[in-house]
Every structure is written in structure tokens, then in C-alpha cells.
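Report on one structure; see the data block that follows.
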Amino acid sequence: MLKPAAAIVGQVVLYGAFAAFIGYFATNPIYRQIPDDIAVLKLSFSHLGERECRKRTQEELDKLPRNMRAPMDCPRERSDIKVELDIDGENIVTHVMQPTGLYKDGISTMYRRILVKAGTRKLSVRMQDNVKEEGWKFVKEETIDIKPAQALVIDFHPDKGGLFIK
Amino acid sequence: MKTGAAIHPLVQVPFQRCEEAFDRFFGGDHNPLRHLGAMGLFLLWIIVGSGLYLYIVLDTGVEQVYSSIGYLSEEQWYFGGILRSLHRYASDGFILVMMLHLVREWAYGRYTGFRFYSWITGIPLIWLAFVSGIGGYWIVWDQMAQFSAIATTELLDWLPIFSEPSARNFIAPDAINDRLFTLIVFIHLGVPILLLATLWAHVHRISRVDYLPSGKLMRGTLLTLLLLALLKPALSDIPANLATVATETRLDWFILFIHPLTDLTSPAIIWALLFSLTALLTVLPFLSRRKAAPVAVVDPANCNGCTRCQADCPYAAVTMAKHPTRRTYQVAVVDEALCASCGICAGSCPSSTPFRSQETLHTGIDMPQFPLNTMREALEQRMSALSGQTRIVVFGCDHGADVSQVASTDTAVLSLICAGMLPPSFVEYALRTGADGVMIAGCRQGGCEYRLGERWTVERLNRQREPQLRGKVPAERLHVSFVSANDGKILAHDLTEFRARIESDQHLSNKLQPYLRRNAHHA
């Protein structure tokens with residue numbers, strides 16, 4: 001070991017290097033997540049697909065015990081959900097969400113983060129929660145002025161008019 | 001594992017050199033690189049202490065988390081702000097020290113055999129430390145927290161563990177509520193408690209654990225972190241706003257480096273990397289082809305149940321049981337799974353004295369690969385071959401400086417499994433059977449392969465620990481040199497100085513009374 005004075009100087013230098021290392025990398029270098037002119041569009045849904053229900057006939061109902069005479073006969077499985085997103089007429093996302101659960105009776109979800117250039121954009125979202133039906137059950141089109149670093153969300157809520165962009 | 005064996009020296013040698021360079025300034029006992037585990041525990045206590053205060057003042061409302069933490073830095077900078085900064089910097093230090101500890105133990109090959117358990121229990125600690133650290137940053141709920149929360153949940157959502165994407169919790173400003181922060185705080189408290197429990201498991205097979213580094217090292221580290229907290233206090237970013245994205249973020253790279261790495265690659269690559277690394281660390285001990293050394297063997301006929309071997313064993317491998325033949329006596333029992341085969345127990349046994357007249361030296365606890373009897377025979381044979389004016393015996397350590405390099409016509413050398421294996425009576429035996437001086441070349445302070453060998457050796461020779469070196473042995477004829485495997489030149493230099501000192505010192509004319517064992521090789 002060095003003489004006390006030299007050892008103390010060395011310790012100060014090494015403790016200082018430790019502090020500098022911790023202090024610098026605790027906040028630096030600055031991480032640039034997205035470029036300045038970019039915004040983020042989050043396309044995310046959590047929705048139950050339709051079930052292929054059938055109305056029971058009176059004859060069928062009469063055969064059932066009284067406490068089980070539900071008018072509708074619904075299978076456990078739910079339909080896949082189709083989703084499409086166009087930006088300025090160009091298709092960006094085409095996705096089929098499958099129901100969760102071993103019996104495919106759970107919720108269908110998706111989450112997609114899309115980087116878009118800031119500016120005025122025409123967004124067009126389409127959703128169909130029963131793939132046996134033709135066409136689109138829910139459609140939302142909106143022209144939005146997207147600002148840099150804005151986080152836009154496209155979601156679905158049946159009680160709030162279906163698809164919405166905010 | 002040939003590749004692993006080839007890579008070890010590439011990391012071990014630079015690490016050793018750094019440790020030895022640090023020794024020059026700190027000395028072995030206060031060298032942070034030699035006490036990384038204890039340093040980690042010390043930093044953890046700083047985190048726990050400062051964290052308790054932060055928990056007390058934290059308000060878990062969505063708006064209030066930011067303001068209650070911000071208040072500390074702005075209005076109460078002299079106390080709460082310092083504690084907040086200490087909490088952050090000690091966490092960074094903990095991660096740094098933990099990773100250095102991992103690399104060091106791997107580089108020194110300390111992950112197999114009796115160390116298997118400590119190695120394996122250390123792996124979940126890494127996960128728990130990062131989970132605690134990442135979750136902690138969310139509590140501030142500033143832009144960095146927002147970035148980390150979204151990035152982490154997006155990463156988690158790649159795994160099929162949630163029925164609904166967890167990132168939806170942070171999808172829009174109205175998606176979060178006060179309960180979320182209560183949950184995050186709960187996790188940030190729960191995971192460190194789990195970490196502490198795992199730490200207990202990590203060290204519980206080791207006796208005399210360094211729960212804390214030396215006072216000097218603790219004071220130095222705390223002072224450094226305090227100064228850092230004053231000069232560069234930890235501050236919040238602007239408040240989180242889920243309607244925007246932070247373009248630039250001042251990341252804590254020690255803990256949050258995984259987010260940029262995910263952006264650079266993909267969640268699939270990150271999970272593959274994390275699981276592969278974890279699997280590699282887990283199987284590493286099984287890949288090693290290193291042969292386990294024979295463990296210590298107890299001879300009940302020579303064991304009087306004194307418990308010294310139990311007290312000195314660095315890995316708690318020795319316990320005491322009822323003696324099989326002698327009523328009211330105890331006998332040492334060695335747990336093979338815990339035994340490091342270091343021989344420190346043989347050095348602690350009162351029966352390990354070469355002065356015993358038996359033709360074959362039996363002791364209470366011994367090492368089959370290098371029994372005390374072989375040590376006595378080797379010592380006698382090598383001493384009988386000595387010539388010259390000043391004859392010196394050097395006891396070395398297989399893990400320290402190579403003592404065979406100083407062997408000569410007037411220097412007999414004997415390398416032991418560990419310097420702690422040397423019973424002090426062998427020093428006296430060498431001096432009374434023809435040696436003019438005895439030199440013990442132990443490892444550097446804090447550098448013992450078996451943790452406590454060098455410490456016990458010094459305490460035994462200084463008559464602070466049983467078995468003690470007898471008082472009549474002149475201290476001038478004994479020299480202890482702390483030398484690592486890289487210190488061959490220092491060893492040679494120390495030996496030359498020691499020889500010169502013996503030759504020049506007039507007071508050394510009175511040698512110990514000679515002793516010749518009837519059956520000795522040089523009798």
C-alpha cells in the first residue's frame with residue numbers, strides 16, 4: 001500500500017471516478033425515442049367477438065326444463081374480429097384478432113404502435129366482429145391534424161358509439 | 001467446458017490487476033473490488049433506508065405522485081431531496097456492483113462444486129433487482145416513467161401471459177387511475193422484500209458473511225454518494241402526459257438500458273437474449289468439467305470435539321455431533337456438499353502438531369489429497385536437503401504466488417492448498433529442526449480463494465486465535481508476506497530482505513532449542 005497521503009489522493013480520485021460514472025450514466029446520454037416530426041398512433045382494441053346465436057323454437061323450449069328455457073341458443077365460441085387501418089388511403093394494418101381462452105370464448109385484443117409523420121392525415125378504420133357477415137360493421141373515417149410527438153389512440157367502445165379516435 | 005476455461009483468464013487477469021492496483025490505495029480490507037458482495041449489501045441498505053422515507057411522503061394519486069416526489073427535490077432538497085438522490089444513485093451503484101460481482105465470480109471460476117448453490121441463488125437476484133429498479137422509476141410518473149412504463153408493458157405483452165395487453169393500461173390519459181400507483185408502489189415494496197429473502201438464501205451457506213464492508217469503505221462510499229446527491233440532485237422530468245410522446249428522455253442507463261435495446265432490436269430478440277442468458281448462467285455449473293477435490297475427513301480417534309474447525313470453516317461445512325465412542329465428547333462432521341476442500345480445518349485442529357512422536361501423523365481432521373503427515377514428511381525431507389548459512393522455509397498457497405520459484409539450496413518451499421491450512425506448530429517445528437527463518441506467503445488481504453484463510457493465518461500467528469503460535473517463537477524469525485499469483489517478484493524481494501534481516505540481526509543468535517523427532521527424516 002502507498003504512503004497515507006498518496007493513498008488518500010488515490011482514493012479521492014477513485015471515489016470521484018465512481019461518482020462521475022454513476023452520475024453521468026444515471027441521466028446521460030439523452031435517449032431519442034422518436035424524431036421531431038413523428039407522432040405515435042396506437043391501434044388497440046379489447047372487444048368480445050360476436051356469437052352465432054339462434055332463437056329457439058317453442059317446441060325446443062318446451063323440451064327443456066323450466067329453469068333452462070333461455071330463448072337464445074348461443075355457442076360458447078366467439079367470432080374472430082377483423083380490423084383494417086388506412087392512412088391517406090394506404091392500407092397500414094390488416095389484422096384478425098382471435099378470441100382468447102381454450103374454448104375461444106374470451107376477449108379479442110390487439111395493440112399496435114405505429115409511427116406516423118406529423119401533418120394532416122386521413123385515417124380510416126374498419127372493424128367487423130362477426131367474420132361470417134359480409135362487409136364492415138363499424139367504420140370510422142376522420143381527417144386529423146397530427147402534431148409532432150402526439151399520441152393518438154384508435155379504440156373501440158360499444159357504449160361510446162363503437163370506433164373512436166382521440 | 002474448454003471454451004469457458006480459455007476465456008476465464010482473459011477476464012480474470014485484468015480483474016486481478018485492477019484489484020491489485022486498488023490495493024495500493026485502499027489496502028486489501030478496504031478494497032471495494034475485493035468486497036463487492038458486501039458493497040452491494042451496503043448500497044441495498046442505503047436504498048432501503050432512503051426508500052422508507054420516500055414511501056412515507058409519497059401520495060399515490062395520479063397527480064400527487066409527481067408533486068409529492070417533486071416537492072422533495074424542490075422544497076425539501078436539504079433532506080428529502082438528498083434521500084431521493086441517494087435512493088437513485090445507490091440503486092445505480094447496486095446494479096453496477098452486482099454485475100461486477102457476477103463477472104468476478106465467473107472469471108475466478110467460482111460457480112461450481114460447493115459454490116453451486118450461491119451461484120444459482122444469485123441468478124434470480126439479477127431479475128429481482130431490475131424489476132425493482134424499473135418499477136421504481138414508474139412511481140415518479142414523469143416522462144421517463146411514462147416511457148419506461150409503456151416500453152416495459154409492450155415488452156411484456158410479447159409474452160403470452162396477459163389476456164389483455166398490459167400496455168392498454170397506459171394507452172390514454174384517462175386509462176390510469178390512483179389504484180394503479182398503489183399497485184406499483186406495492187410491487188416496488190414487495191419485490192425488494194423478495195430480493196432480501198433471496199439474498200438470505202444466496203449467503204446462508206457461507207459462514208461469517210461480510211454483511212457490510214469495512215467502516216472506512218462505507219464512510220467513503222456514503223460520502224461519495226452524498227456529494228453526488230448535492231452536486232447533481234436527482235430530479236423529475238416534466239410530468240407524464242399520455243397524450244404525447246417524449247421525444248427525448250434522460251434515461252438511467254444502469255437500469256433502463258433495456259428499453260433502447262428493445263427499440264434497436266425487437267421484443268422477441270430481447271426475450272430470447274434474457275432467457276438465453278438466464279439459461280446459460282443456470283447451466284454453467286453443470287458444464288464445468290472441473291474435478292471436485294476430496295473433502296476433509298474426520299478421524300474420531302483424534303478428534304476431541306473442540307469445535308475449532310467448526311468455527312474456522314468458511315463455508316459452514318463442519319458441524320458437531322455426538323462422539324461415537326467417547327461419552328460426553330463431540331466429534332466434527334463434514335458436510336461433503338458444503339466442503340471447499342481448503343484444508344483450513346486441518347490448520348485449526350489442535351491435534352495437527354508435527355511434534356507428535358507417532359511415525360505416521362494423524363490428526364482430528366485432515367485433507368486426503370495432502371495429509372498433515374505428508375506435509376511433515378515433505379518439510380523434513382526438504383529441510384534435510386538444505387545447505388547454506390541462512391536456511392529458510394517458505395510455506396506458500398496453491399492460489400497465491402508460486403513459491404517454487406524461490407526454491408534454492410538454502411530455501412525449502414512447501415505449497416499448501418491454502419495458507420490457512422498451516423498449523424502454527426509447523427512454524428515452530430521448522431525453526432526447531434534446523435530452519436533459521438520461516439516465511440509464510442499467503443494471499444493478499446481479502447484475496448483468499450477460500451475467503452478466510454489469510455485472516456485466520458494472521459490471527460493464529462499473532463496469537464489472537466487458536467491454535468496459537470507459541471510465545472517462545474521469536475517473531476523476528478517469522479515473516480508473513482501477502483502475495484497474489486502475480487506477485488512473484490514481490491515474493492522474491494521479500495525473501496531476500498527477510499534473509500538479510502536474519503543475517504544482520506545480532507539478537508537472533510539465540511535460536512530455539514533444537515528438537516529432533518525420533519523418526520524424523522533429518523534426525
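Residue numbers start at 1 in each chain; chains themselves are named A, B, ... in the order of the C-alpha cells; ligands are numbered from 1 in the order shown.
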
Residues of chain A within 6 Å of chain B, using only C-alpha atoms, as a list in words?
Met1, Leu2, Ala7, Gly10, Gln11, Phe25, Ala26, Thr27, Ile30, Tyr31, Arg32, Gln33, Ile34, Ala149, Gln150 and Ala151 of chain A

Counting only C-alpha atoms, what is within 8 Å of range 484-499 of chain B, bar same-chain residues fewer than 2 positions away, as a ChimeraX atom specification?
/B:390,392,399-403,405-406,437,439,441-444,447,479,481-482,501-503

Straight-line distance linking CA of His95 in chain A with CA of Ile258 in chain B, stated in Å to one decimal:
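Computing the Euclidean distance for CA of His95 in chain A and CA of Ile258 in chain B yields 28.3 Å.
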
Show which residues sit within 9 Å of Val140 in chain B, as number ranges by chain. Count only C-alpha atoms, and ignore same-chain residues fewer than 4 positions away.
B: 65-70, 136, 144-145, 236-237, 239

Emit the selected residues as a PDB file, in the first residue's frame, including all heavy atoms.
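Produced file out_31.pdb, reproduced below:
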ATOM      1  N   VAL B  65     -48.511  11.792  -7.175  1.00  0.00           N
ATOM      2  CA  VAL B  65     -47.210  11.083  -7.131  1.00  0.00           C
ATOM      3  C   VAL B  65     -46.116  12.017  -7.627  1.00  0.00           C
ATOM      4  O   VAL B  65     -45.053  12.130  -7.019  1.00  0.00           O
ATOM      5  CB  VAL B  65     -47.168   9.771  -7.960  1.00  0.00           C
ATOM      6  CG1 VAL B  65     -47.714   8.621  -7.190  1.00  0.00           C
ATOM      7  CG2 VAL B  65     -47.821   9.898  -9.281  1.00  0.00           C
ATOM      8  N   TYR B  66     -46.426  12.703  -8.701  1.00  0.00           N
ATOM      9  CA  TYR B  66     -45.413  13.596  -9.280  1.00  0.00           C
ATOM     10  C   TYR B  66     -45.108  14.747  -8.325  1.00  0.00           C
ATOM     11  O   TYR B  66     -43.942  15.040  -8.051  1.00  0.00           O
ATOM     12  CB  TYR B  66     -45.905  14.123 -10.628  1.00  0.00           C
ATOM     13  CG  TYR B  66     -44.900  14.997 -11.327  1.00  0.00           C
ATOM     14  CD1 TYR B  66     -43.876  14.444 -12.072  1.00  0.00           C
ATOM     15  CD2 TYR B  66     -44.956  16.384 -11.233  1.00  0.00           C
ATOM     16  CE1 TYR B  66     -42.936  15.234 -12.708  1.00  0.00           C
ATOM     17  CE2 TYR B  66     -44.023  17.191 -11.860  1.00  0.00           C
ATOM     18  CZ  TYR B  66     -43.013  16.616 -12.604  1.00  0.00           C
ATOM     19  OH  TYR B  66     -42.085  17.399 -13.216  1.00  0.00           O
ATOM     20  N   SER B  67     -46.186  15.373  -7.821  1.00  0.00           N
ATOM     21  CA  SER B  67     -45.961  16.555  -6.985  1.00  0.00           C
ATOM     22  C   SER B  67     -45.327  16.190  -5.644  1.00  0.00           C
ATOM     23  O   SER B  67     -44.481  16.924  -5.136  1.00  0.00           O
ATOM     24  CB  SER B  67     -47.263  17.326  -6.785  1.00  0.00           C
ATOM     25  OG  SER B  67     -48.231  16.465  -6.246  1.00  0.00           O
ATOM     26  N   SER B  68     -45.721  15.034  -5.065  1.00  0.00           N
ATOM     27  CA  SER B  68     -45.157  14.691  -3.754  1.00  0.00           C
ATOM     28  C   SER B  68     -43.674  14.361  -3.855  1.00  0.00           C
ATOM     29  O   SER B  68     -42.898  14.674  -2.944  1.00  0.00           O
ATOM     30  CB  SER B  68     -45.926  13.532  -3.110  1.00  0.00           C
ATOM     31  OG  SER B  68     -45.880  12.392  -3.940  1.00  0.00           O
ATOM     32  N   ILE B  69     -43.267  13.751  -4.964  1.00  0.00           N
ATOM     33  CA  ILE B  69     -41.829  13.462  -5.141  1.00  0.00           C
ATOM     34  C   ILE B  69     -41.098  14.751  -5.530  1.00  0.00           C
ATOM     35  O   ILE B  69     -39.999  15.031  -5.039  1.00  0.00           O
ATOM     36  CB  ILE B  69     -41.629  12.383  -6.240  1.00  0.00           C
ATOM     37  CG1 ILE B  69     -42.181  11.031  -5.770  1.00  0.00           C
ATOM     38  CG2 ILE B  69     -40.166  12.246  -6.627  1.00  0.00           C
ATOM     39  CD1 ILE B  69     -41.394  10.331  -4.717  1.00  0.00           C
ATOM     40  N   GLY B  70     -41.742  15.540  -6.390  1.00  0.00           N
ATOM     41  CA  GLY B  70     -41.130  16.807  -6.812  1.00  0.00           C
ATOM     42  C   GLY B  70     -40.917  17.752  -5.644  1.00  0.00           C
ATOM     43  O   GLY B  70     -39.914  18.466  -5.588  1.00  0.00           O
ATOM     44  N   GLY B 136     -39.517   1.121  -9.818  1.00  0.00           N
ATOM     45  CA  GLY B 136     -39.289   2.322  -9.016  1.00  0.00           C
ATOM     46  C   GLY B 136     -39.365   3.593  -9.833  1.00  0.00           C
ATOM     47  O   GLY B 136     -39.872   4.621  -9.378  1.00  0.00           O
ATOM     48  N   MET B 144     -40.021  10.186 -18.166  1.00  0.00           N
ATOM     49  CA  MET B 144     -39.191   8.980 -18.223  1.00  0.00           C
ATOM     50  C   MET B 144     -39.996   7.773 -17.722  1.00  0.00           C
ATOM     51  O   MET B 144     -39.908   6.673 -18.282  1.00  0.00           O
ATOM     52  CB  MET B 144     -37.923   9.148 -17.381  1.00  0.00           C
ATOM     53  CG  MET B 144     -37.050   7.917 -17.407  1.00  0.00           C
ATOM     54  SD  MET B 144     -35.374   8.174 -16.867  1.00  0.00           S
ATOM     55  CE  MET B 144     -35.584   8.583 -15.170  1.00  0.00           C
ATOM     56  N   ALA B 145     -40.806   8.018 -16.646  1.00  0.00           N
ATOM     57  CA  ALA B 145     -41.646   6.942 -16.113  1.00  0.00           C
ATOM     58  C   ALA B 145     -42.634   6.481 -17.176  1.00  0.00           C
ATOM     59  O   ALA B 145     -42.846   5.277 -17.372  1.00  0.00           O
ATOM     60  CB  ALA B 145     -42.388   7.441 -14.880  1.00  0.00           C
ATOM     61  N   SER B 236     -37.030  15.184 -11.305  1.00  0.00           N
ATOM     62  CA  SER B 236     -38.035  14.579 -12.193  1.00  0.00           C
ATOM     63  C   SER B 236     -37.980  15.264 -13.550  1.00  0.00           C
ATOM     64  O   SER B 236     -37.570  16.420 -13.668  1.00  0.00           O
ATOM     65  CB  SER B 236     -39.437  14.773 -11.620  1.00  0.00           C
ATOM     66  OG  SER B 236     -39.505  14.303 -10.313  1.00  0.00           O
ATOM     67  N   ASP B 237     -38.425  14.523 -14.568  1.00  0.00           N
ATOM     68  CA  ASP B 237     -38.674  15.121 -15.881  1.00  0.00           C
ATOM     69  C   ASP B 237     -39.956  15.933 -15.789  1.00  0.00           C
ATOM     70  O   ASP B 237     -40.552  16.021 -14.731  1.00  0.00           O
ATOM     71  CB  ASP B 237     -38.893  13.990 -16.905  1.00  0.00           C
ATOM     72  CG  ASP B 237     -37.653  13.721 -17.729  1.00  0.00           C
ATOM     73  OD1 ASP B 237     -36.714  14.519 -17.632  1.00  0.00           O
ATOM     74  OD2 ASP B 237     -37.637  12.708 -18.471  1.00  0.00           O
ATOM     75  N   PRO B 239     -43.970  16.397 -16.133  1.00  0.00           N
ATOM     76  CA  PRO B 239     -44.964  15.373 -15.781  1.00  0.00           C
ATOM     77  C   PRO B 239     -45.352  14.510 -16.977  1.00  0.00           C
ATOM     78  O   PRO B 239     -45.323  14.966 -18.127  1.00  0.00           O
ATOM     79  CB  PRO B 239     -46.169  16.184 -15.300  1.00  0.00           C
ATOM     80  CG  PRO B 239     -45.649  17.532 -14.988  1.00  0.00           C
ATOM     81  CD  PRO B 239     -44.455  17.760 -15.836  1.00  0.00           C
TER      82      PRO B 239
END

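For the choices A:Lys42, A:Arg112, A:Arg121, A:Lys82, the atom-to-atom distance to Phe138 in chain A is smallest for A:Lys82 when using only C-alpha atoms.
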
All alpha helix (DSSP H) positions in range 23-81 of chain B, as a VMD selection string:
chain B and resid 23 to 26 36 to 57 62 to 74
